[in-house]
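J.: Have a peek at data_12.pdb (PDB, C-alpha atoms and all ligand atoms).
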ATOM      1  CA  MET O 997       0.000   0.000   0.000
ATOM      2  CA  ASP O 998       1.369   3.432  -0.836
ATOM      3  CA  HIS O 999       2.124   6.049   1.769
ATOM      4  CA  GLY O1000      -0.630   8.452   0.626
ATOM      5  CA  THR O1001      -3.370   5.845   0.934
ATOM      6  CA  ARG O1002      -2.143   4.883   4.380
ATOM      7  CA  ARG O1003      -2.042   8.503   5.569
ATOM      8  CA  ALA O1004      -5.478   9.220   4.123
ATOM      9  CA  ALA O1005      -6.912   6.077   5.746
ATOM     10  CA  LYS O1006      -5.504   7.127   9.112
ATOM     11  CA  MET O1007      -6.987  10.622   8.775
ATOM     12  CA  LEU O1008     -10.410   9.203   7.894
ATOM     13  CA  SER O1009     -10.276   6.646  10.706
ATOM     14  CA  ASP O1010      -9.496   9.326  13.285
ATOM     15  CA  ALA O1011     -12.075  11.832  12.033
ATOM     16  CA  ARG O1012     -15.465  12.363  13.603
ATOM     17  CA  THR O1013     -16.716  14.756  10.916
ATOM     18  CA  VAL O1014     -16.096  14.033   7.256
ATOM     19  CA  LEU O1015     -17.491  15.766   4.203
ATOM     20  CA  CYS O1016     -17.150  14.202   0.782
ATOM     21  CA  LEU O1017     -17.454  16.192  -2.458
ATOM     22  CA  THR O1018     -17.962  14.257  -5.680
ATOM     23  CA  GLY O1019     -18.126  15.075  -9.365
ATOM     24  CA  ALA O1020     -18.697  13.359 -12.679
ATOM     25  CA  GLY O1021     -15.460  11.324 -12.406
ATOM     26  CA  VAL O1022     -16.970   9.036  -9.733
ATOM     27  CA  SER O1023     -19.664   7.936 -12.188
ATOM     28  CA  ALA O1024     -17.257   7.553 -15.132
ATOM     29  CA  GLU O1025     -16.476   3.917 -14.342
ATOM     30  CA  SER O1026     -20.215   3.200 -14.389
ATOM     31  CA  GLY O1027     -20.198   4.321 -18.018
ATOM     32  CA  VAL O1028     -21.528   7.856 -17.480
ATOM     33  CA  PRO O1029     -19.499  10.375 -19.507
ATOM     34  CA  THR O1030     -17.890  13.288 -17.677
ATOM     35  CA  PHE O1031     -18.338  16.855 -18.939
ATOM     36  CA  ARG O1032     -14.848  18.046 -19.742
ATOM     37  CA  ASP O1033     -13.011  15.024 -21.078
ATOM     38  CA  ALA O1034     -11.586  16.313 -24.359
ATOM     39  CA  GLN O1035     -12.748  13.271 -26.369
ATOM     40  CA  THR O1036     -15.671  11.642 -24.584
ATOM     41  CA  GLY O1037     -16.947  14.525 -22.446
ATOM     42  CA  LEU O1038     -20.524  15.744 -22.717
ATOM     43  CA  TYR O1039     -19.183  19.209 -23.588
ATOM     44  CA  ALA O1040     -16.533  17.959 -26.050
ATOM     45  CA  ASN O1041     -16.706  20.113 -29.181
ATOM     46  CA  ARG O1042     -19.794  21.867 -27.847
ATOM     47  CA  ASP O1043     -20.504  25.127 -26.105
ATOM     48  CA  PRO O1044     -21.757  24.385 -22.556
ATOM     49  CA  MET O1045     -23.876  27.538 -22.754
ATOM     50  CA  ASP O1046     -25.893  25.998 -25.608
ATOM     51  CA  LEU O1047     -26.674  22.893 -23.553
ATOM     52  CA  ALA O1048     -26.726  23.966 -19.928
ATOM     53  CA  SER O1049     -27.983  27.545 -19.634
ATOM     54  CA  PRO O1050     -31.426  29.180 -19.615
ATOM     55  CA  GLY O1051     -30.464  31.094 -22.776
ATOM     56  CA  GLY O1052     -29.483  27.862 -24.543
ATOM     57  CA  PHE O1053     -32.855  26.321 -23.649
ATOM     58  CA  ARG O1054     -34.720  29.368 -24.980
ATOM     59  CA  ARG O1055     -32.672  29.352 -28.198
ATOM     60  CA  ASP O1056     -33.046  25.647 -29.016
ATOM     61  CA  ARG O1057     -35.189  23.721 -26.554
ATOM     62  CA  ALA O1058     -35.338  20.640 -28.802
ATOM     63  CA  LEU O1059     -31.542  20.334 -28.730
ATOM     64  CA  VAL O1060     -31.392  20.710 -24.949
ATOM     65  CA  TRP O1061     -34.370  18.416 -24.326
ATOM     66  CA  GLY O1062     -32.930  15.715 -26.603
ATOM     67  CA  TRP O1063     -29.538  15.928 -24.885
ATOM     68  CA  TYR O1064     -31.070  15.467 -21.437
ATOM     69  CA  MET O1065     -33.460  12.700 -22.512
ATOM     70  CA  GLU O1066     -30.574  10.797 -24.090
ATOM     71  CA  ARG O1067     -28.534  11.102 -20.892
ATOM     72  CA  LEU O1068     -31.537  10.071 -18.768
ATOM     73  CA  ALA O1069     -32.103   6.974 -20.920
ATOM     74  CA  ARG O1070     -28.426   5.969 -20.583
ATOM     75  CA  LEU O1071     -28.607   6.359 -16.806
ATOM     76  CA  GLY O1072     -31.323   3.726 -16.735
ATOM     77  CA  GLU O1073     -28.792   1.241 -18.095
ATOM     78  CA  VAL O1074     -25.916   1.807 -15.667
ATOM     79  CA  GLU O1075     -25.098   0.643 -12.161
ATOM     80  CA  PRO O1076     -23.166   2.173  -9.266
ATOM     81  CA  ASN O1077     -19.470   1.219  -9.346
ATOM     82  CA  PRO O1078     -17.114   0.185  -6.508
ATOM     83  CA  GLY O1079     -16.319   3.873  -5.836
ATOM     84  CA  HIS O1080     -19.973   4.652  -5.076
ATOM     85  CA  HIS O1081     -20.184   1.535  -2.894
ATOM     86  CA  ALA O1082     -17.035   2.456  -0.960
ATOM     87  CA  LEU O1083     -18.459   5.915  -0.184
ATOM     88  CA  ALA O1084     -21.736   4.388   1.001
ATOM     89  CA  GLU O1085     -19.799   2.105   3.308
ATOM     90  CA  LEU O1086     -17.657   4.977   4.567
ATOM     91  CA  GLU O1087     -20.838   6.706   5.726
ATOM     92  CA  THR O1088     -21.455   3.814   8.102
ATOM     93  CA  SER O1089     -17.987   3.946   9.658
ATOM     94  CA  VAL O1090     -17.603   7.694  10.289
ATOM     95  CA  PRO O1091     -19.673   9.296  13.094
ATOM     96  CA  ARG O1092     -20.756  12.270  10.939
ATOM     97  CA  PHE O1093     -20.424  11.758   7.213
ATOM     98  CA  THR O1094     -22.191  13.767   4.533
ATOM     99  CA  LEU O1095     -21.794  13.464   0.810
ATOM    100  CA  VAL O1096     -22.239  16.532  -1.338
ATOM    101  CA  THR O1097     -22.381  15.794  -5.023
ATOM    102  CA  GLN O1098     -22.451  17.908  -8.151
ATOM    103  CA  ASN O1099     -23.809  14.895 -10.030
ATOM    104  CA  VAL O1100     -27.376  14.870 -11.241
ATOM    105  CA  ASP O1101     -27.529  11.057 -11.332
ATOM    106  CA  ASP O1102     -28.752   8.964  -8.387
ATOM    107  CA  LEU O1103     -25.884   6.460  -8.315
ATOM    108  CA  HIS O1104     -24.781   7.445  -4.799
ATOM    109  CA  GLU O1105     -28.256   6.734  -3.441
ATOM    110  CA  ARG O1106     -28.476   3.514  -5.421
ATOM    111  CA  ALA O1107     -25.193   2.394  -3.831
ATOM    112  CA  GLY O1108     -26.697   3.021  -0.388
ATOM    113  CA  SER O1109     -25.500   6.518   0.562
ATOM    114  CA  ILE O1110     -28.113   8.179   2.767
ATOM    115  CA  ASP O1111     -27.057  11.727   3.611
ATOM    116  CA  VAL O1112     -26.597  13.091   0.087
ATOM    117  CA  ILE O1113     -26.798  16.763  -0.893
ATOM    118  CA  HIS O1114     -27.348  17.386  -4.611
ATOM    119  CA  LEU O1115     -25.927  20.806  -5.422
ATOM    120  CA  HIS O1116     -26.841  20.735  -9.116
ATOM    121  CA  GLY O1117     -30.252  19.072  -8.922
ATOM    122  CA  SER O1118     -31.482  15.843 -10.458
ATOM    123  CA  ILE O1119     -31.808  14.792 -14.081
ATOM    124  CA  ALA O1120     -34.801  12.588 -13.247
ATOM    125  CA  ARG O1121     -36.941  15.436 -11.842
ATOM    126  CA  PHE O1122     -38.706  18.106 -13.859
ATOM    127  CA  ARG O1123     -40.256  21.500 -13.301
ATOM    128  CA  CYS O1124     -41.714  24.384 -15.248
ATOM    129  CA  PHE O1125     -39.203  26.823 -16.752
ATOM    130  CA  ASP O1126     -41.392  29.766 -15.716
ATOM    131  CA  CYS O1127     -43.583  29.001 -12.689
ATOM    132  CA  GLY O1128     -41.286  26.319 -11.267
ATOM    133  CA  HIS O1129     -44.048  23.845 -10.453
ATOM    134  CA  PRO O1130     -42.806  20.260 -10.287
ATOM    135  CA  TYR O1131     -43.876  18.091 -13.203
ATOM    136  CA  GLU O1132     -44.222  14.309 -13.428
ATOM    137  CA  LEU O1133     -42.907  13.260 -16.836
ATOM    138  CA  ARG O1134     -44.961  10.615 -18.660
ATOM    139  CA  PRO O1135     -43.004   7.772 -20.319
ATOM    140  CA  GLU O1136     -43.955   8.843 -23.867
ATOM    141  CA  GLU O1137     -42.720  12.393 -23.158
ATOM    142  CA  ARG O1138     -39.183  11.055 -22.721
ATOM    143  CA  THR O1139     -38.921  10.237 -26.395
ATOM    144  CA  ALA O1140     -40.729  13.339 -27.684
ATOM    145  CA  PRO O1141     -38.589  15.809 -29.658
ATOM    146  CA  GLU O1142     -39.724  18.756 -27.513
ATOM    147  CA  PRO O1143     -40.454  19.222 -23.808
ATOM    148  CA  PRO O1144     -44.105  19.167 -22.695
ATOM    149  CA  TYR O1145     -46.041  22.276 -21.676
ATOM    150  CA  CYS O1146     -46.676  23.210 -18.059
ATOM    151  CA  PRO O1147     -50.350  22.551 -17.191
ATOM    152  CA  ASP O1148     -50.320  25.542 -14.816
ATOM    153  CA  CYS O1149     -48.862  28.353 -16.926
ATOM    154  CA  GLY O1150     -48.240  26.987 -20.425
ATOM    155  CA  ASP O1151     -44.475  27.514 -20.481
ATOM    156  CA  PHE O1152     -42.109  24.623 -21.167
ATOM    157  CA  ILE O1153     -41.006  21.899 -18.782
ATOM    158  CA  ARG O1154     -37.275  21.591 -18.102
ATOM    159  CA  PRO O1155     -35.048  19.238 -16.122
ATOM    160  CA  ASP O1156     -34.695  20.193 -12.467
ATOM    161  CA  VAL O1157     -30.949  20.821 -12.711
ATOM    162  CA  VAL O1158     -28.847  23.932 -12.119
ATOM    163  CA  TRP O1159     -27.653  25.603 -15.298
ATOM    164  CA  PHE O1160     -24.908  28.198 -15.706
ATOM    165  CA  GLY O1161     -26.003  31.575 -14.392
ATOM    166  CA  GLU O1162     -28.600  30.024 -12.094
ATOM    167  CA  GLU O1163     -28.436  29.998  -8.333
ATOM    168  CA  LEU O1164     -27.773  26.726  -6.549
ATOM    169  CA  PRO O1165     -30.510  25.583  -4.137
ATOM    170  CA  GLY O1166     -29.857  27.967  -1.233
ATOM    171  CA  GLU O1167     -30.468  25.587   1.662
ATOM    172  CA  HIS O1168     -28.272  22.881   0.138
ATOM    173  CA  LEU O1169     -25.414  25.248  -0.553
ATOM    174  CA  ALA O1170     -25.659  26.736   2.938
ATOM    175  CA  ARG O1171     -25.569  23.270   4.487
ATOM    176  CA  ALA O1172     -22.592  22.229   2.341
ATOM    177  CA  ARG O1173     -20.765  25.384   3.359
ATOM    178  CA  GLN O1174     -21.471  24.833   7.047
ATOM    179  CA  LEU O1175     -20.319  21.212   6.850
ATOM    180  CA  ALA O1176     -17.175  22.237   4.955
ATOM    181  CA  MET O1177     -16.319  24.646   7.751
ATOM    182  CA  GLU O1178     -16.875  21.976  10.410
ATOM    183  CA  ALA O1179     -15.254  19.013   8.676
ATOM    184  CA  GLN O1180     -12.044  17.515   9.976
ATOM    185  CA  VAL O1181     -11.517  15.796   6.643
ATOM    186  CA  LEU O1182     -12.784  16.739   3.199
ATOM    187  CA  LEU O1183     -12.616  13.848   0.765
ATOM    188  CA  VAL O1184     -12.942  15.029  -2.849
ATOM    189  CA  ALA O1185     -13.375  12.608  -5.749
ATOM    190  CA  GLY O1186     -13.742  12.952  -9.504
ATOM    191  CA  THR O1187     -14.236  16.652 -10.004
ATOM    192  CA  SER O1188     -12.272  19.080 -12.159
ATOM    193  CA  GLY O1189     -12.885  21.798  -9.557
ATOM    194  CA  THR O1190     -13.683  24.356 -12.230
ATOM    195  CA  VAL O1191     -17.367  25.087 -11.605
ATOM    196  CA  PHE O1192     -18.298  27.532  -8.854
ATOM    197  CA  PRO O1193     -19.527  27.758  -6.159
ATOM    198  CA  ALA O1194     -19.031  23.964  -5.697
ATOM    199  CA  ALA O1195     -15.321  24.396  -6.466
ATOM    200  CA  GLU O1196     -15.009  26.685  -3.448
ATOM    201  CA  ILE O1197     -15.859  23.909  -0.998
ATOM    202  CA  PRO O1198     -12.262  22.645  -0.688
ATOM    203  CA  TYR O1199     -11.086  26.197   0.064
ATOM    204  CA  TRP O1200     -13.776  26.673   2.732
ATOM    205  CA  ALA O1201     -12.728  23.383   4.315
ATOM    206  CA  LYS O1202      -9.004  24.016   4.127
ATOM    207  CA  THR O1203      -9.132  27.512   5.574
ATOM    208  CA  ASN O1204     -11.093  26.061   8.493
ATOM    209  CA  GLY O1205      -8.433  23.481   9.245
ATOM    210  CA  ALA O1206      -9.677  20.388   7.416
ATOM    211  CA  THR O1207      -7.330  17.882   5.849
ATOM    212  CA  VAL O1208      -8.168  17.777   2.138
ATOM    213  CA  ILE O1209      -7.813  14.453   0.318
ATOM    214  CA  ASP O1210      -8.298  14.482  -3.445
ATOM    215  CA  VAL O1211      -8.902  11.462  -5.671
ATOM    216  CA  ASN O1212      -8.585  12.112  -9.393
ATOM    217  CA  LEU O1213      -7.015  10.758 -12.554
ATOM    218  CA  GLU O1214      -5.479  14.150 -13.244
ATOM    219  CA  VAL O1215      -3.991  17.157 -11.491
ATOM    220  CA  THR O1216      -6.675  19.793 -10.829
ATOM    221  CA  PRO O1217      -6.854  23.095  -8.903
ATOM    222  CA  ILE O1218      -8.129  21.001  -5.967
ATOM    223  CA  SER O1219      -5.310  18.442  -6.079
ATOM    224  CA  ARG O1220      -2.860  21.361  -5.989
ATOM    225  CA  ILE O1221      -4.175  22.538  -2.624
ATOM    226  CA  ALA O1222      -4.920  19.047  -1.274
ATOM    227  CA  ASP O1223      -2.919  17.684   1.647
ATOM    228  CA  ILE O1224      -3.056  14.220   0.108
ATOM    229  CA  PHE O1225      -3.526  13.575  -3.613
ATOM    230  CA  LEU O1226      -4.427  10.006  -4.524
ATOM    231  CA  ARG O1227      -4.010   9.792  -8.270
ATOM    232  CA  GLY O1228      -6.050   7.074  -9.937
ATOM    233  CA  PRO O1229      -9.561   5.909 -10.790
ATOM    234  CA  SER O1230     -11.998   6.460  -7.932
ATOM    235  CA  GLY O1231     -13.499   3.001  -8.518
ATOM    236  CA  GLU O1232     -10.165   1.552  -7.376
ATOM    237  CA  VAL O1233      -8.732   4.222  -5.087
ATOM    238  CA  LEU O1234     -11.832   4.556  -2.865
ATOM    239  CA  PRO O1235     -12.220   0.810  -2.161
ATOM    240  CA  ASP O1236      -8.451   0.647  -1.445
ATOM    241  CA  LEU O1237      -8.844   3.536   0.967
ATOM    242  CA  LEU O1238     -11.699   1.821   2.737
ATOM    243  CA  ALA O1239      -9.715  -1.416   2.979
ATOM    244  CA  ALA O1240      -6.724   0.497   4.369
ATOM    245  CA  MET O1241      -8.931   1.946   7.123
ATOM    246  CA  GLU O1242      -9.161  -1.601   8.501
ATOM    247  CA  LEU O1243      -5.548  -1.180   9.618
ATOM    248  CA  PHE O1244      -6.597   1.549  12.018
ATOM    249  CA  ALA O1245      -9.974   0.201  13.090
ATOM    250  CA  PRO O1246     -10.286  -0.838  16.719
ATOM    251  CA  HIS O1247     -10.427  -4.648  16.960
ATOM    252  CA  GLU O1248     -12.425  -6.547  19.542
ATOM    253  CA  SER O1249      -9.227  -7.863  21.078
ATOM    254  CA  ASP O1250      -8.246  -4.217  21.796
ATOM    255  CA  TYR O1251     -11.028  -4.130  24.379
ATOM    256  CA  ASP O1252     -10.286  -7.498  26.001
ATOM    257  CA  ASP O1253      -8.221  -5.980  28.816
ATOM    258  CA  GLU O1254     -10.930  -3.474  29.664
ATOM    259  CA  HIS O1255     -13.828  -5.918  29.891
TER
HETATM  260  C1  LIG I   1     -11.910  10.724 -12.652
HETATM  261  C2  LIG I   1     -12.282   9.563 -13.281
HETATM  262  C3  LIG I   1     -12.177   8.420 -12.516
HETATM  263  C4  LIG I   1     -12.566  11.055 -14.687
HETATM  264  N1  LIG I   1     -11.737   8.509 -11.266
HETATM  265  N2  LIG I   1     -11.461  10.793 -11.426
HETATM  266  C5  LIG I   1     -16.461  32.371  -9.972
HETATM  267  C6  LIG I   1     -15.467  32.486 -10.930
HETATM  268  C7  LIG I   1     -15.755  32.280 -12.271
HETATM  269  C8  LIG I   1     -17.024  31.951 -12.709
HETATM  270  C9  LIG I   1     -18.017  31.827 -11.774
HETATM  271  C10 LIG I   1     -17.726  32.035 -10.429
HETATM  272  N3  LIG I   1     -18.866  31.841  -9.727
HETATM  273  C11 LIG I   1     -19.851  31.502 -10.592
HETATM  274  C12 LIG I   1     -19.374  31.490 -11.830
HETATM  275  C13 LIG I   1     -20.135  31.149 -13.066
HETATM  276  C14 LIG I   1     -20.352  29.666 -13.253
HETATM  277  C15 LIG I   1     -19.001  28.969 -13.267
HETATM  278  O1  LIG I   1     -18.547  28.361 -12.339
HETATM  279  N4  LIG I   1     -18.337  29.025 -14.400
HETATM  280  C16 LIG I   1     -17.051  28.340 -14.541
HETATM  281  C17 LIG I   1     -17.155  27.287 -15.645
HETATM  282  C18 LIG I   1     -15.981  29.352 -14.778
HETATM  283  N5  LIG I   1     -21.181  29.137 -12.199
HETATM  284  C19 LIG I   1     -22.514  29.193 -12.258
HETATM  285  O2  LIG I   1     -23.078  29.762 -13.162
HETATM  286  C20 LIG I   1     -23.298  28.580 -11.102
HETATM  287  N6  LIG I   1     -24.241  29.509 -10.637
HETATM  288  C21 LIG I   1     -23.888  30.571  -9.942
HETATM  289  O3  LIG I   1     -22.761  30.794  -9.607
HETATM  290  O4  LIG I   1     -24.896  31.394  -9.683
HETATM  291  C22 LIG I   1     -24.586  32.633  -9.052
HETATM  292  C23 LIG I   1     -25.744  33.495  -9.160
HETATM  293  C24 LIG I   1     -25.974  34.364  -8.144
HETATM  294  C25 LIG I   1     -27.058  35.194  -8.207
HETATM  295  C26 LIG I   1     -27.914  35.114  -9.300
HETATM  296  C27 LIG I   1     -27.685  34.247 -10.324
HETATM  297  C28 LIG I   1     -26.592  33.403 -10.249
HETATM  298  C29 LIG I   1     -24.098  27.371 -11.591
HETATM  299  C30 LIG I   1     -23.237  26.252 -12.022
HETATM  300  C31 LIG I   1     -24.099  25.078 -12.515
HETATM  301  C32 LIG I   1     -23.263  24.005 -13.185
HETATM  302  N7  LIG I   1     -24.113  23.072 -13.789
HETATM  303  C33 LIG I   1     -23.547  21.895 -14.471
HETATM  304  C34 LIG I   1     -24.669  21.272 -15.336
HETATM  305  C35 LIG I   1     -25.677  20.549 -14.450
HETATM  306  C36 LIG I   1     -26.765  19.906 -15.228
HETATM  307  C37 LIG I   1     -26.290  18.791 -16.121
HETATM  308  O5  LIG I   1     -25.839  17.718 -15.637
HETATM  309  O6  LIG I   1     -26.356  18.964 -17.340
HETATM  310  O7  LIG I   1     -23.052  20.953 -13.523
HETATM  311  S1  LIG I   1     -22.096  22.267 -15.439
HETATM  312  C38 LIG I   1     -21.285  20.719 -15.132
HETATM  313  O8  LIG I   1     -20.040  20.957 -14.449
HETATM  314  C39 LIG I   1     -22.190  19.973 -14.143
HETATM  315  C40 LIG I   1     -21.190  19.438 -13.155
HETATM  316  O9  LIG I   1     -21.827  19.137 -11.932
HETATM  317  C41 LIG I   1     -20.174  20.535 -13.084
HETATM  318  C42 LIG I   1     -18.833  20.122 -12.533
HETATM  319  O10 LIG I   1     -18.232  19.172 -13.364
HETATM  320  P1  LIG I   1     -17.395  17.967 -12.740
HETATM  321  O11 LIG I   1     -18.298  17.086 -11.981
HETATM  322  O12 LIG I   1     -16.221  18.475 -12.048
HETATM  323  O13 LIG I   1     -16.999  17.153 -14.087
HETATM  324  P2  LIG I   1     -15.786  17.436 -15.097
HETATM  325  O14 LIG I   1     -16.098  16.723 -16.352
HETATM  326  O15 LIG I   1     -15.469  18.869 -15.185
HETATM  327  O16 LIG I   1     -14.536  16.738 -14.376
HETATM  328  C43 LIG I   1     -14.461  15.343 -14.173
HETATM  329  C44 LIG I   1     -13.202  15.067 -13.361
HETATM  330  O17 LIG I   1     -13.182  13.695 -13.044
HETATM  331  C45 LIG I   1     -11.897  15.366 -14.108
HETATM  332  O18 LIG I   1     -11.037  16.074 -13.242
HETATM  333  C46 LIG I   1     -11.330  13.980 -14.436
HETATM  334  O19 LIG I   1      -9.901  13.936 -14.401
HETATM  335  C47 LIG I   1     -11.902  13.173 -13.302
HETATM  336  N8  LIG I   1     -12.105  11.771 -13.607
HETATM  337  N9  LIG I   1     -12.683   9.879 -14.599
HETATM  338  C48 LIG I   1     -11.377   9.738 -10.782
HETATM  339  N10 LIG I   1     -12.504   7.228 -13.052
HETATM  340 ZN    ZN I   2     -45.576  26.709 -15.258
END
Written as structure tokens, how would this file's structure read?
T.:
Amino acid sequence: MDHGTRRAAKMLSDARTVLCLTGAGVSAESGVPTFRDAQTGLYANRDPMDLASPGGFRRDRALVWGWYMERLARLGEVEPNPGHHALAELETSVPRFTLVTQNVDDLHERAGSIDVIHLHGSIARFRCFDCGHPYELRPEERTAPEPPYCPDCGDFIRPDVVWFGEELPGEHLARARQLAMEAQVLLVAGTSGTVFPAAEIPYWAKTNGATVIDVNLEVTPISRIADIFLRGPSGEVLPDLLAAMELFAPHESDYDDEH
């Protein structure tokens, strides 16, 4: 086992309060494309503002709707990977563990994570572009070329995600910020750390004394400020980290003398 994994496992074992921040990279090994991979990314050769902004939706709602419906259909065919499972298990071994994700998929929940904050919404929920009322999408509307109309105001239905230029859900962001300031360890996995305000979380944690551990295939602005950078695929690094925590776990025999 390498030194970084061992140090990170020790930090996590000793911590009472851990916050975990995830991004698209944790779902990559499930077969969900990331956004900024130059070849396979969802934004590769495309302008993110055409696909993920209110202006883009107004300009070409069929393009945006089709892009989201295609992604939603693909999500129905994938499963959580060992990285998601390791994070769900970590929640059970740390006294206070919260996961804050930028991902709009539900793979963390499907792996068993319970305390999950979605900063950028959910691709499987819908609401009206104008009046904001929630909307239950009918199966046939998933394959339609255009979004349905809102029964309350007549505007178009959109996915309940956070686009560029839109505010993040206030309560969720406030809770993430509070937890970042209280955390003893911030475990970051699979994010490029380029989209704000989520990308500020590691700075909030670090300036409040947390140890920052970053798991990523590549160097990012977060790995540069991290105390421990574990370079590799999260589907391998996170299970290794969990296994390494066994080294520091109290064993029953440790209590024999006391009882
Ligand atoms: C692996 C791996 C493996 C791969 N293992 N690792 C401050 C400065 C500059 C700009 C701004 C600023 N504050 C705000 C802004 C503007 C803007 C912004 O941040 N722009 C930047 C791009 C510069 N932010 C906003 O507009 C936000 N709103 C806001 O600030 O509102 C303020 C406001 C106030 C008052 C009134 C009005 C507004 C909203 C941001 C919303 C972002 N939404 C998206 C789309 C969601 C819906 C959808 O899914 O379509 O969220 S954009 C997209 O990026 C998505 C992601 O959640 C987000 C982050 O991406 P992520 O997860 O990091 O993925 P990638 O692809 O970037 O990286 C993957 C990483 O994984 C890589 O590092 C790989 O190496 C790694 N990896 N495989 C481990 N197996
Ligand atoms: Zn409406």
J.: Dump as an MDAnalysis selection string all residues having an atom at most 10 Å from (-3.5, 20.5, -2.8), computed in the file's coordinates with only C-alpha atoms.
T.: chainID O and resid 1198:1199 1202 1207:1210 1215:1225
J.: When distances are computed from all atoms listed in the file, which of O:Ala1176, O:Ala1120, O:Gly1108, O:Tyr1064 shows the smallest separation from Ala1082 (chain O)?
T.: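 With all atoms listed in the file as the atom set, the closest residue is O:Gly1108.
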J.: Looking at O:Gly1000, O:Pro1078, O:Gly1027, O:Gly1161, which one is nearest to Gly1052 (chain O), with distances taken over only C-alpha atoms?
T.: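 Result for the nearest residue to Gly1052 (chain O): O:Gly1161.
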J.: Could you produce a table of the residues of chain O lying within 12 Å of ligand ZN 2 (chain I), with the nearest pair of atoms per residue and their separation in Å rounded to one decimal, using all atoms listed in the file, ordered by chain and increasing residue number, as a Markdown table?
T.:
| residue | atom | partner | partner_atom | distance |
| --- | --- | --- | --- | --- |
| O:Phe1122 | CA | I:ZN2 | ZN | 11.1 |
| O:Arg1123 | CA | I:ZN2 | ZN | 7.7 |
| O:Cys1124 | CA | I:ZN2 | ZN | 4.5 |
| O:Phe1125 | CA | I:ZN2 | ZN | 6.5 |
| O:Asp1126 | CA | I:ZN2 | ZN | 5.2 |
| O:Cys1127 | CA | I:ZN2 | ZN | 4.0 |
| O:Gly1128 | CA | I:ZN2 | ZN | 5.9 |
| O:His1129 | CA | I:ZN2 | ZN | 5.8 |
| O:Pro1130 | CA | I:ZN2 | ZN | 8.6 |
| O:Tyr1131 | CA | I:ZN2 | ZN | 9.0 |
| O:Pro1144 | CA | I:ZN2 | ZN | 10.7 |
| O:Tyr1145 | CA | I:ZN2 | ZN | 7.8 |
| O:Cys1146 | CA | I:ZN2 | ZN | 4.6 |
| O:Pro1147 | CA | I:ZN2 | ZN | 6.6 |
| O:Asp1148 | CA | I:ZN2 | ZN | 4.9 |
| O:Cys1149 | CA | I:ZN2 | ZN | 4.0 |
| O:Gly1150 | CA | I:ZN2 | ZN | 5.8 |
| O:Asp1151 | CA | I:ZN2 | ZN | 5.4 |
| O:Phe1152 | CA | I:ZN2 | ZN | 7.2 |
| O:Ile1153 | CA | I:ZN2 | ZN | 7.5 |
| O:Arg1154 | CA | I:ZN2 | ZN | 10.2 |
J.: Using the chain letters and residue numbers of this document, give as an NGL selection string the residues selected by the PyMOL selection byres (((chain O and resi 1190) around 12) and not hetatm).
T.: :O and (1019 or 1031-1032 or 1098 or 1186-1189 or 1191-1198 or 1216-1219)
J.: For Asp1043 (chain O), please output as a PyMOL selection string all residues within 12 Å (counting all atoms listed in the file; exclusion window: fewer than 4 positions along the same chain).
T.: chain O and resi 1031-1032+1037-1039+1047-1049+1052+1060+1160
J.: Using only C-alpha atoms, find the one residue out of O:Ala1206, O:Val1028, O:Leu1237, O:Met1007 that sits nearest to Glu1085 (chain O).
T.: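 Once distances to Glu1085 (chain O) are computed over only C-alpha atoms, the minimum belongs to O:Leu1237.
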J.: For each of O:Asn1041, O:Thr1094, O:Ser1089, O:Thr1030, take the minimum atom-to-atom distance to ligand LIG 1 (chain I), counting only C-alpha atoms and all ligand atoms, then give the residue where this is smallest.
T.: O:Thr1030
J.: Using Å and a single decimal, report how far CA of Gly1021 (chain O) sits from atom C43 of ligand LIG 1 (chain I).
T.: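 Going from atom C43 of ligand LIG 1 (chain I) over to CA of Gly1021 (chain O) covers 4.5 Å.
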J.: Find the smallest box with edges along x, y and z containing every listed atom of ligand LIG 1 (chain I), then add 8 Å on each side and report centre and edge lengths in Å to one decimal, as lines of an AutoDock Vina configuration file.
T.:
center_x = -18.9
center_y = 21.2
center_z = -12.7
size_x = 34.0
size_y = 44.0
size_z = 25.2
J.: Rank O:Gly1051, O:Gly1117, O:Pro1235, O:Pro1135 by their smallest atom-to-atom distance to ligand LIG 1 (chain I), using all atoms listed in the file, and report the top residue only.
T.: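 Nearest candidate to ligand LIG 1 (chain I) out of O:Gly1051, O:Gly1117, O:Pro1235, O:Pro1135: O:Gly1117.
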J.: For Gly1079 (chain O), which of O:His1104, O:Ala1170, O:Asn1204, O:Met1241 is the closest residue, counting all atoms listed in the file?
T.: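 Of all the options, O:His1104 lies closest to Gly1079 (chain O).
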J.: For a quick check of your reading of the model, name the residues lying within 10 Å of the coordinate (-38.9, 12.0, -29.4), counting only C-alpha atoms, and write them as a ChimeraX atom specification.
T.: /O:1058,1061-1062,1065-1066,1136-1143
J.: Do you have the atom C38 of ligand LIG 1 (chain I)-CA of Val1074 (chain O) distance handy?
T.: 19.5 Å
J.: Write out as an NGL selection string the residues lying within 10 Å of Thr1097 (chain O), counting all atoms listed in the file and excluding same-chain residues fewer than 2 positions away.
T.: :O and (1016-1020 or 1022 or 1094-1095 or 1099-1102 or 1104 or 1112-1117 or 1172 or 1184-1185 or 1187 or 1194)
J.: Could you state the separation of atom O17 of ligand LIG 1 (chain I) and CA of Ala1040 (chain O) in Å, given to one decimal place?
T.: 14.1 Å
